[in-house]
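Trainee: Sharing coords-v9.cif below, mmCIF, C-alpha atoms and all ligand atoms:
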data_structure
#
loop_
_atom_site.group_PDB
_atom_site.id
_atom_site.type_symbol
_atom_site.label_atom_id
_atom_site.label_comp_id
_atom_site.auth_asym_id
_atom_site.auth_seq_id
_atom_site.Cartn_x
_atom_site.Cartn_y
_atom_site.Cartn_z
ATOM 1 C CA MET E 208 40.998 -254.221 150.448
ATOM 2 C CA PHE E 209 41.935 -253.621 146.832
ATOM 3 C CA SER E 210 39.194 -255.759 145.368
ATOM 4 C CA SER E 211 36.542 -254.254 147.631
ATOM 5 C CA SER E 212 37.673 -250.735 146.604
ATOM 6 C CA VAL E 213 37.428 -251.720 142.946
ATOM 7 C CA LEU E 214 33.973 -253.150 143.526
ATOM 8 C CA THR E 215 32.889 -249.983 145.320
ATOM 9 C CA VAL E 216 34.128 -247.789 142.490
ATOM 10 C CA SER E 217 32.612 -250.081 139.863
ATOM 11 C CA HIS E 218 29.137 -249.504 141.286
ATOM 12 C CA HIS E 219 29.401 -245.815 140.478
ATOM 13 C CA PRO E 220 27.048 -245.080 137.547
ATOM 14 C CA GLN E 221 29.562 -242.881 135.663
ATOM 15 C CA VAL E 222 32.260 -245.546 135.927
ATOM 16 C CA ARG E 223 29.784 -248.091 134.638
ATOM 17 C CA ARG E 224 28.821 -245.838 131.716
ATOM 18 C CA VAL E 225 32.452 -245.299 130.680
ATOM 19 C CA VAL E 226 33.342 -248.977 130.917
ATOM 20 C CA THR E 227 30.304 -250.073 128.913
ATOM 21 C CA THR E 228 30.455 -247.435 126.156
ATOM 22 C CA ASN E 229 34.085 -246.313 125.671
ATOM 23 C CA SER E 230 35.697 -248.099 122.655
ATOM 24 C CA ALA E 231 39.093 -248.692 124.337
ATOM 25 C CA SER E 232 37.513 -250.200 127.412
ATOM 26 C CA ARG E 233 35.170 -252.286 125.243
ATOM 27 C CA ARG E 234 38.277 -253.859 123.602
ATOM 28 C CA LEU E 235 39.580 -254.763 127.070
ATOM 29 C CA VAL E 236 36.162 -256.138 128.034
ATOM 30 C CA GLY E 237 36.253 -258.202 124.830
ATOM 31 C CA ARG E 238 39.314 -260.042 126.109
ATOM 32 C CA PHE E 239 37.311 -261.442 128.979
ATOM 33 C CA ILE E 240 33.727 -261.404 127.767
ATOM 34 C CA ALA E 241 32.761 -263.263 124.580
ATOM 35 C CA GLY E 242 29.951 -260.931 123.606
ATOM 36 C CA ASP E 243 26.680 -259.325 124.561
ATOM 37 C CA ASP E 244 24.560 -262.143 123.173
ATOM 38 C CA LEU E 245 24.772 -265.774 122.134
ATOM 39 C CA ASP E 246 25.301 -264.947 118.456
ATOM 40 C CA ALA E 247 28.359 -262.896 119.351
ATOM 41 C CA ALA E 248 29.655 -265.649 121.636
ATOM 42 C CA LEU E 249 29.421 -268.426 118.994
ATOM 43 C CA GLY E 250 32.624 -267.331 117.185
ATOM 44 C CA PRO E 251 34.817 -267.440 120.332
ATOM 45 C CA ILE E 252 33.197 -270.743 121.388
ATOM 46 C CA ARG E 253 34.081 -272.339 118.003
ATOM 47 C CA ALA E 254 37.620 -270.996 118.224
ATOM 48 C CA LEU E 255 38.133 -272.569 121.650
ATOM 49 C CA VAL E 256 36.700 -275.903 120.533
ATOM 50 C CA GLN E 257 39.018 -275.891 117.496
ATOM 51 C CA ARG E 258 41.896 -275.458 119.933
ATOM 52 C CA GLY E 259 40.839 -278.747 121.589
ATOM 53 C CA LEU E 260 39.470 -277.014 124.700
ATOM 54 C CA LEU E 261 36.272 -277.757 126.633
ATOM 55 C CA VAL E 262 33.936 -274.798 127.127
ATOM 56 C CA THR E 263 31.500 -273.904 129.896
ATOM 57 C CA VAL E 264 29.179 -271.133 128.767
ATOM 58 C CA ASP E 265 27.990 -268.727 131.479
ATOM 59 C CA HIS E 266 25.136 -266.435 130.539
ATOM 60 C CA LEU E 267 25.642 -263.117 132.320
ATOM 61 C CA GLY E 268 22.053 -261.897 132.466
ATOM 62 C CA ASP E 269 21.105 -258.529 133.783
ATOM 63 C CA GLY E 270 18.832 -259.590 136.674
ATOM 64 C CA ASP E 271 16.822 -256.376 136.628
ATOM 65 C CA ARG E 272 16.494 -256.471 132.862
ATOM 66 C CA MET E 273 15.319 -260.062 132.978
ATOM 67 C CA ALA E 274 12.889 -259.321 135.821
ATOM 68 C CA LEU E 275 11.511 -256.360 133.886
ATOM 69 C CA ASP E 276 11.065 -258.447 130.734
ATOM 70 C CA HIS E 277 9.245 -261.198 132.618
ATOM 71 C CA ALA E 278 7.109 -258.751 134.600
ATOM 72 C CA THR E 279 6.207 -256.897 131.377
ATOM 73 C CA ALA E 280 4.941 -260.148 129.860
ATOM 74 C CA ILE E 281 2.943 -260.930 133.025
ATOM 75 C CA CYS E 282 1.420 -257.426 133.045
ATOM 76 C CA ALA E 283 0.408 -257.756 129.390
ATOM 77 C CA ALA E 284 -1.294 -261.080 130.233
ATOM 78 C CA ALA E 285 -2.986 -259.465 133.256
ATOM 79 C CA THR E 286 -4.311 -256.658 131.027
ATOM 80 C CA ARG E 287 -5.764 -259.231 128.626
ATOM 81 C CA VAL E 288 -7.741 -260.955 131.397
ATOM 82 C CA GLY E 289 -8.633 -257.752 133.261
ATOM 83 C CA THR E 290 -6.693 -258.254 136.478
ATOM 84 C CA THR E 291 -3.785 -256.533 138.252
ATOM 85 C CA VAL E 292 -0.253 -257.390 139.367
ATOM 86 C CA THR E 293 1.574 -256.439 142.571
ATOM 87 C CA LEU E 294 5.331 -256.858 142.902
ATOM 88 C CA ASP E 295 6.372 -258.634 146.103
ATOM 89 C CA MET E 296 9.153 -256.988 148.110
ATOM 90 C CA GLU E 297 12.181 -258.891 149.337
ATOM 91 C CA ASP E 298 14.844 -257.678 151.779
ATOM 92 C CA HIS E 299 16.115 -254.074 151.874
ATOM 93 C CA THR E 300 18.897 -254.686 149.341
ATOM 94 C CA ASN E 301 16.218 -255.199 146.670
ATOM 95 C CA VAL E 302 13.973 -252.223 147.392
ATOM 96 C CA ASP E 303 15.597 -249.750 144.974
ATOM 97 C CA SER E 304 15.698 -252.194 142.080
ATOM 98 C CA THR E 305 12.109 -253.346 142.712
ATOM 99 C CA LEU E 306 10.837 -249.763 142.835
ATOM 100 C CA GLY E 307 12.823 -249.064 139.648
ATOM 101 C CA ILE E 308 11.087 -251.961 137.923
ATOM 102 C CA LEU E 309 7.763 -250.724 139.297
ATOM 103 C CA ALA E 310 8.323 -247.260 137.797
ATOM 104 C CA ALA E 311 9.243 -248.782 134.427
ATOM 105 C CA LEU E 312 6.173 -251.048 134.425
ATOM 106 C CA ARG E 313 3.820 -248.265 135.521
ATOM 107 C CA ARG E 314 4.679 -246.215 132.428
ATOM 108 C CA GLU E 315 2.609 -248.701 130.411
ATOM 109 C CA HIS E 316 0.536 -250.269 133.204
ATOM 110 C CA PRO E 317 -0.170 -247.581 135.838
ATOM 111 C CA TRP E 318 -2.108 -250.070 137.964
ATOM 112 C CA VAL E 319 0.931 -252.203 138.852
ATOM 113 C CA GLY E 320 1.238 -252.337 142.642
ATOM 114 C CA ALA E 321 4.159 -252.349 145.047
ATOM 115 C CA VAL E 322 4.737 -253.703 148.541
ATOM 116 C CA LEU E 323 6.164 -251.344 151.159
ATOM 117 C CA GLN E 324 7.480 -252.642 154.496
ATOM 118 C CA SER E 325 6.900 -250.417 157.517
ATOM 119 C CA GLY E 326 9.874 -252.024 159.249
ATOM 120 C CA LEU E 327 12.254 -250.137 156.947
ATOM 121 C CA ARG E 328 13.174 -246.595 157.968
ATOM 122 C CA ARG E 329 12.917 -245.376 154.358
ATOM 123 C CA THR E 330 9.314 -246.485 153.916
ATOM 124 C CA GLU E 331 7.476 -243.320 155.007
ATOM 125 C CA ALA E 332 9.266 -241.460 152.210
ATOM 126 C CA ASP E 333 8.493 -244.262 149.739
ATOM 127 C CA ALA E 334 4.841 -244.216 150.838
ATOM 128 C CA ALA E 335 4.665 -240.465 150.187
ATOM 129 C CA ASP E 336 6.192 -241.021 146.713
ATOM 130 C CA LEU E 337 3.655 -243.729 145.934
ATOM 131 C CA ALA E 338 0.518 -242.096 147.377
ATOM 132 C CA GLY E 339 -0.533 -240.480 144.088
ATOM 133 C CA ALA E 340 -3.563 -241.206 141.923
ATOM 134 C CA GLY E 341 -3.687 -244.698 140.434
ATOM 135 C CA SER E 342 -0.934 -246.008 142.690
ATOM 136 C CA ARG E 343 -1.622 -249.350 144.393
ATOM 137 C CA VAL E 344 0.451 -249.977 147.523
ATOM 138 C CA ARG E 345 0.320 -253.058 149.712
ATOM 139 C CA LEU E 346 1.536 -252.035 153.141
ATOM 140 C CA VAL E 347 3.106 -254.837 155.228
ATOM 141 C CA LYS E 348 5.298 -254.872 158.318
ATOM 142 C CA GLY E 349 8.090 -256.812 156.576
ATOM 143 C CA ALA E 350 9.109 -260.454 156.817
ATOM 144 C CA TYR E 351 12.911 -260.163 156.703
ATOM 145 C CA ALA E 352 15.474 -259.827 159.494
ATOM 146 C CA GLU E 353 17.027 -256.462 158.634
ATOM 147 C CA PRO E 354 19.978 -254.580 160.198
ATOM 148 C CA ALA E 355 19.283 -251.696 162.596
ATOM 149 C CA SER E 356 21.011 -249.309 160.159
ATOM 150 C CA VAL E 357 18.038 -249.559 157.792
ATOM 151 C CA ALA E 358 15.208 -250.963 159.900
ATOM 152 C CA TYR E 359 13.389 -250.642 163.208
ATOM 153 C CA THR E 360 14.281 -253.551 165.413
ATOM 154 C CA ALA E 361 11.617 -253.147 168.126
ATOM 155 C CA LYS E 362 8.195 -254.507 167.154
ATOM 156 C CA ALA E 363 6.485 -251.481 168.729
ATOM 157 C CA ASP E 364 8.449 -249.189 166.384
ATOM 158 C CA VAL E 365 7.505 -251.277 163.349
ATOM 159 C CA ASP E 366 3.849 -251.041 164.413
ATOM 160 C CA GLU E 367 4.001 -247.280 164.946
ATOM 161 C CA ALA E 368 5.663 -246.869 161.549
ATOM 162 C CA TYR E 369 2.890 -249.001 160.023
ATOM 163 C CA LEU E 370 0.296 -246.581 161.419
ATOM 164 C CA ARG E 371 2.193 -243.555 160.074
ATOM 165 C CA CYS E 372 2.539 -245.110 156.615
ATOM 166 C CA LEU E 373 -1.110 -246.135 156.642
ATOM 167 C CA ARG E 374 -2.111 -242.530 157.257
ATOM 168 C CA ILE E 375 0.074 -241.300 154.380
ATOM 169 C CA LEU E 376 -1.504 -243.813 152.010
ATOM 170 C CA MET E 377 -5.081 -243.272 153.176
ATOM 171 C CA ALA E 378 -4.662 -239.492 152.939
ATOM 172 C CA GLY E 379 -3.313 -239.836 149.398
ATOM 173 C CA GLN E 380 -5.037 -240.445 146.077
ATOM 174 C CA GLY E 381 -3.956 -244.035 145.572
ATOM 175 C CA TYR E 382 -5.378 -247.449 146.386
ATOM 176 C CA PRO E 383 -4.049 -248.665 149.774
ATOM 177 C CA MET E 384 -3.897 -252.405 150.350
ATOM 178 C CA VAL E 385 -3.818 -253.054 154.086
ATOM 179 C CA ALA E 386 -1.930 -256.353 154.359
ATOM 180 C CA THR E 387 -1.813 -257.456 157.970
ATOM 181 C CA HIS E 388 -3.283 -259.935 160.430
ATOM 182 C CA ASP E 389 -2.898 -257.417 163.242
ATOM 183 C CA LEU E 390 -6.424 -256.397 164.216
ATOM 184 C CA ARG E 391 -5.129 -253.148 165.724
ATOM 185 C CA MET E 392 -3.874 -252.160 162.270
ATOM 186 C CA VAL E 393 -7.147 -253.273 160.656
ATOM 187 C CA GLU E 394 -9.118 -251.123 163.103
ATOM 188 C CA ALA E 395 -6.798 -248.147 162.514
ATOM 189 C CA ALA E 396 -7.227 -248.542 158.764
ATOM 190 C CA ARG E 397 -10.982 -248.572 159.141
ATOM 191 C CA ALA E 398 -10.885 -245.359 161.207
ATOM 192 C CA LEU E 399 -8.662 -243.702 158.596
ATOM 193 C CA THR E 400 -11.059 -244.625 155.785
ATOM 194 C CA VAL E 401 -13.764 -242.742 157.675
ATOM 195 C CA GLU E 402 -11.460 -239.792 158.454
ATOM 196 C CA TYR E 403 -10.436 -239.430 154.799
ATOM 197 C CA GLY E 404 -13.886 -240.123 153.349
ATOM 198 C CA ARG E 405 -12.876 -243.297 151.555
ATOM 199 C CA HIS E 406 -15.292 -245.857 150.158
ATOM 200 C CA ALA E 407 -15.266 -249.656 150.081
ATOM 201 C CA ASP E 408 -13.950 -249.729 146.489
ATOM 202 C CA ASP E 409 -10.894 -247.470 146.944
ATOM 203 C CA HIS E 410 -8.848 -249.663 149.303
ATOM 204 C CA GLU E 411 -8.724 -253.276 150.426
ATOM 205 C CA TYR E 412 -7.588 -255.610 153.204
ATOM 206 C CA GLN E 413 -5.281 -258.530 152.556
ATOM 207 C CA MET E 414 -4.241 -261.584 154.582
ATOM 208 C CA LEU E 415 -2.231 -264.693 153.893
ATOM 209 C CA TYR E 416 -3.825 -268.002 152.982
ATOM 210 C CA GLY E 417 -4.450 -270.034 156.137
ATOM 211 C CA ILE E 418 -3.942 -267.207 158.651
ATOM 212 C CA ARG E 419 -6.836 -265.651 160.614
ATOM 213 C CA THR E 420 -9.408 -267.189 158.282
ATOM 214 C CA ALA E 421 -12.399 -266.288 160.498
ATOM 215 C CA GLU E 422 -11.270 -262.657 160.424
ATOM 216 C CA GLN E 423 -11.016 -262.831 156.626
ATOM 217 C CA ASP E 424 -14.644 -263.956 156.425
ATOM 218 C CA ARG E 425 -15.732 -261.331 158.930
ATOM 219 C CA ILE E 426 -14.119 -258.465 156.991
ATOM 220 C CA ALA E 427 -15.613 -259.685 153.686
ATOM 221 C CA ALA E 428 -19.050 -260.021 155.322
ATOM 222 C CA SER E 429 -18.796 -256.419 156.543
ATOM 223 C CA GLY E 430 -18.821 -255.254 152.915
ATOM 224 C CA GLU E 431 -15.090 -254.483 152.677
ATOM 225 C CA ARG E 432 -12.798 -255.904 149.999
ATOM 226 C CA MET E 433 -10.775 -258.726 151.545
ATOM 227 C CA ARG E 434 -8.092 -260.421 149.432
ATOM 228 C CA VAL E 435 -6.348 -263.666 150.357
ATOM 229 C CA TYR E 436 -2.759 -264.097 149.213
ATOM 230 C CA LEU E 437 -2.436 -267.664 147.987
ATOM 231 C CA PRO E 438 1.076 -268.976 147.389
ATOM 232 C CA TYR E 439 1.861 -272.106 145.403
ATOM 233 C CA GLY E 440 4.876 -273.609 143.684
ATOM 234 C CA ALA E 441 7.805 -275.945 144.140
ATOM 235 C CA ASP E 442 10.081 -273.308 145.671
ATOM 236 C CA TRP E 443 8.004 -272.968 148.827
ATOM 237 C CA TYR E 444 10.706 -273.435 151.450
ATOM 238 C CA GLY E 445 11.654 -269.796 152.040
ATOM 239 C CA TYR E 446 8.035 -268.663 152.246
ATOM 240 C CA PHE E 447 7.183 -271.439 154.658
ATOM 241 C CA THR E 448 10.099 -270.767 156.998
ATOM 242 C CA ARG E 449 9.317 -267.029 157.077
ATOM 243 C CA ARG E 450 5.781 -267.873 158.212
ATOM 244 C CA LEU E 451 7.114 -270.228 160.894
ATOM 245 C CA ALA E 452 9.555 -267.598 162.082
ATOM 246 C CA GLU E 453 6.795 -265.006 162.408
ATOM 247 C CA ARG E 454 5.047 -266.842 165.163
ATOM 248 C CA PRO E 455 6.656 -269.094 167.782
ATOM 249 C CA ALA E 456 3.342 -270.937 168.089
ATOM 250 C CA ASN E 457 3.584 -271.968 164.416
ATOM 251 C CA LEU E 458 7.075 -273.326 164.917
ATOM 252 C CA ALA E 459 5.992 -275.197 168.044
ATOM 253 C CA PHE E 460 2.966 -276.585 166.176
ATOM 254 C CA PHE E 461 5.181 -277.699 163.302
ATOM 255 C CA LEU E 462 7.750 -279.342 165.595
ATOM 256 C CA ARG E 463 5.010 -281.098 167.552
ATOM 257 C CA SER E 464 3.488 -282.458 164.344
ATOM 258 C CA LEU E 465 6.904 -283.834 163.336
ATOM 259 C CA ILE E 466 7.365 -285.548 166.678
ATOM 260 C CA SER E 467 3.847 -286.983 166.831
ATOM 261 C CA ARG E 468 3.961 -288.538 163.347
HETATM 262 P P1 LIG H 1 2.146 -259.274 163.306
HETATM 263 O O1 LIG H 1 3.361 -260.051 162.918
HETATM 264 O O2 LIG H 1 2.244 -258.266 164.390
HETATM 265 O O3 LIG H 1 0.999 -260.306 163.642
HETATM 266 C C1 LIG H 1 -0.253 -259.902 164.178
HETATM 267 C C2 LIG H 1 -1.026 -261.140 164.558
HETATM 268 O O4 LIG H 1 -1.373 -261.867 163.381
HETATM 269 C C3 LIG H 1 -0.235 -262.142 165.393
HETATM 270 O O5 LIG H 1 -0.290 -261.867 166.752
HETATM 271 C C4 LIG H 1 -0.906 -263.446 165.039
HETATM 272 O O6 LIG H 1 -2.088 -263.582 165.778
HETATM 273 C C5 LIG H 1 -1.262 -263.247 163.589
HETATM 274 N N1 LIG H 1 -0.176 -263.775 162.718
HETATM 275 C C6 LIG H 1 0.787 -263.067 162.097
HETATM 276 N N2 LIG H 1 1.593 -263.865 161.386
HETATM 277 C C7 LIG H 1 1.144 -265.127 161.588
HETATM 278 C C8 LIG H 1 1.547 -266.395 161.145
HETATM 279 N N3 LIG H 1 2.599 -266.564 160.330
HETATM 280 N N4 LIG H 1 0.837 -267.461 161.553
HETATM 281 C C9 LIG H 1 -0.236 -267.342 162.369
HETATM 282 N N5 LIG H 1 -0.660 -266.137 162.827
HETATM 283 C C10 LIG H 1 0.009 -265.067 162.441
HETATM 284 N N6 LIG H 1 6.353 -259.353 153.652
HETATM 285 C C11 LIG H 1 7.396 -258.923 152.909
HETATM 286 O O7 LIG H 1 8.471 -258.660 153.454
HETATM 287 N N7 LIG H 1 7.264 -258.775 151.548
HETATM 288 C C12 LIG H 1 6.091 -259.027 150.905
HETATM 289 O O8 LIG H 1 6.006 -258.878 149.682
HETATM 290 C C13 LIG H 1 4.978 -259.460 151.689
HETATM 291 N N8 LIG H 1 3.768 -259.705 151.102
HETATM 292 C C14 LIG H 1 2.684 -259.942 151.909
HETATM 293 C C15 LIG H 1 1.405 -260.006 151.347
HETATM 294 C C16 LIG H 1 0.296 -260.152 152.149
HETATM 295 C C17 LIG H 1 -1.072 -260.184 151.533
HETATM 296 C C18 LIG H 1 0.460 -260.243 153.572
HETATM 297 C C19 LIG H 1 -0.745 -260.372 154.477
HETATM 298 C C20 LIG H 1 1.702 -260.212 154.135
HETATM 299 C C21 LIG H 1 2.832 -260.076 153.315
HETATM 300 N N9 LIG H 1 4.105 -260.033 153.861
HETATM 301 C C22 LIG H 1 5.154 -259.626 153.074
HETATM 302 C C23 LIG H 1 4.348 -260.478 155.267
HETATM 303 C C24 LIG H 1 4.353 -259.329 156.252
HETATM 304 O O9 LIG H 1 5.488 -258.523 156.071
HETATM 305 C C25 LIG H 1 4.384 -259.851 157.699
HETATM 306 O O10 LIG H 1 5.548 -260.590 157.889
HETATM 307 C C26 LIG H 1 3.202 -260.705 158.081
HETATM 308 O O11 LIG H 1 2.010 -260.240 157.498
HETATM 309 C C27 LIG H 1 3.020 -260.690 159.627
HETATM 310 O O12 LIG H 1 2.809 -259.397 160.076
HETATM 311 P P2 LIG H 1 1.366 -258.844 160.550
HETATM 312 O O13 LIG H 1 1.133 -257.527 159.914
HETATM 313 O O14 LIG H 1 0.335 -259.853 160.311
HETATM 314 O O15 LIG H 1 1.565 -258.487 162.071
#
Starting from the coordinates I provided, produce the structure as structure tokens.
Ligand code: FDA

Mentor:
Amino acid sequence: MFSSSVLTVSHHPQVRRVVTTNSASRRLVGRFIAGDDLDAALGPIRALVQRGLLVTVDHLGDGDRMALDHATAICAAATRVGTTVTLDMEDHTNVDSTLGILAALRREHPWVGAVLQSGLRRTEADAADLAGAGSRVRLVKGAYAEPASVAYTAKADVDEAYLRCLRILMAGQGYPMVATHDLRMVEAARALTVEYGRHADDHEYQMLYGIRTAEQDRIAASGERMRVYLPYGADWYGYFTRRLAERPANLAFFLRSLISR
């Protein structure tokens, strides 16, 4: 009870500001934290070693700061080769920090895109915020199991919200990226492009590598922009299991292939 109250209070921005800037509190912090950077920590490390103690060094990185630094470097590289970057979206606990990073990146690189998930109740408001000129938004349904307090739990509600968000984005000045394998959504997007007088170069369709490949070819052949999202990398497990979870048939296919090996 006590510790959770302290944690709740500590998240308050004013409390954070006082603790990090006030000289008395900084002295208290200094008792428990060896410094803000490695140079500052070297003195305390040496002192402990001289006392015959072993030392484990824990780098307390600011996750958002680190993400912003890395994303800034990636955006600079993208600018050099003439391409764009879109920030993936994880579960609802990360939406505010991801949109914060997006806003920071867009100050220098206005073309940086975001993913919005129609499954979240907040997303219509986020879509309206991000429907301005130059803004690139990839609209998805959302791949995470979210609580009813923040998300629609019925698939029909997620779909209806997708259509509402799609309209907001298509009516706006930005560059909507229609990321779905649901042909009803693709058809709705096409109708909205006509309704709002859009052209083939001011929006695009996106699908995942390996899913609905014939449809991908068909959309590209119709003269629309069709982008395939191609994942790679050693840390593939979470992505893979989300794709299995999306479709019982995939899970059944996977289990069958294990059994028949
Ligand atoms: P829906 O789930 O209703 O599926 C419609 C139809 O598509 C299904 O009936 C089936 O035929 C086919 N289909 C869908 N998924 C399939 C699968 N796994 N295997 C085979 N067929 C399938 N999510 C997120 O939370 N954060 C993110 O950053 C992204 N990024 C992202 C980028 C891109 C380019 C895409 C296309 C999707 C994402 N997603 C995502 C995933 C997204 O949120 C969603 O989980 C999936 O796209 C599935 O939803 P659909 O819109 O396809 O509809």

Trainee: Take the PyMOL selection byres (((chain E and resi 357) around 6) and not hetatm), run it mentally on this structure, and tell me the resulting residues as a PDB file with C-alpha atoms, in the frame of the given file.

Mentor:
ATOM      1  CA  LEU E 327      12.254-250.137 156.947  1.00  0.00           C
ATOM      2  CA  ARG E 328      13.174-246.595 157.968  1.00  0.00           C
ATOM      3  CA  PRO E 354      19.978-254.580 160.198  1.00  0.00           C
ATOM      4  CA  ALA E 355      19.283-251.696 162.596  1.00  0.00           C
ATOM      5  CA  SER E 356      21.011-249.309 160.159  1.00  0.00           C
ATOM      6  CA  ALA E 358      15.208-250.963 159.900  1.00  0.00           C
TER       7      ALA E 358
END

Trainee: Between atom N5 of ligand LIG 1 (chain H) and atom CA of E:Ile418, what is the distance in Å, rounded to a tenth?

Mentor: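 One can read the atom N5 of ligand LIG 1 (chain H) to atom CA of E:Ile418 distance as 5.4 Å.
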
Trainee: Out of E:Met392, E:Ile240, E:Ala310, E:Leu337, which residue has the shortest atom-to-atom distance to ligand LIG 1 (chain H) when counting all atoms listed in the file?

Mentor: E:Met392

Trainee: First collect every listed atom of ligand LIG 1 (chain H); then fit an axis-aligned box around them, widen it by 5 Å on each side, and give centre and edge lengths in Å to one decimal, as JSON.

Mentor:
{"center_x": 3.2, "center_y": -262.5, "center_z": 158.2, "size_x": 20.6, "size_y": 19.9, "size_z": 27.1}

Trainee: For E:Ala335, work out the shell of residues within 9 Å, counting all atoms listed in the file and skipping chain neighbours fewer than 2 positions away, then give it as a ChimeraX atom specification.

Mentor: /E:330-333,337-339,372,375-376,379

Trainee: Keeping C-alpha atoms, export the residues of the selection given above as a tab-separated table (two decimals), keeping the file's coordinate frame.

Mentor:
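Saved file out07.tsv follows:
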chain	number	residue	atom	x	y	z
E	330	THR	CA	9.31	-246.48	153.92
E	331	GLU	CA	7.48	-243.32	155.01
E	332	ALA	CA	9.27	-241.46	152.21
E	333	ASP	CA	8.49	-244.26	149.74
E	337	LEU	CA	3.66	-243.73	145.93
E	338	ALA	CA	0.52	-242.10	147.38
E	339	GLY	CA	-0.53	-240.48	144.09
E	372	CYS	CA	2.54	-245.11	156.62
E	375	ILE	CA	0.07	-241.30	154.38
E	376	LEU	CA	-1.50	-243.81	152.01
E	379	GLY	CA	-3.31	-239.84	149.40
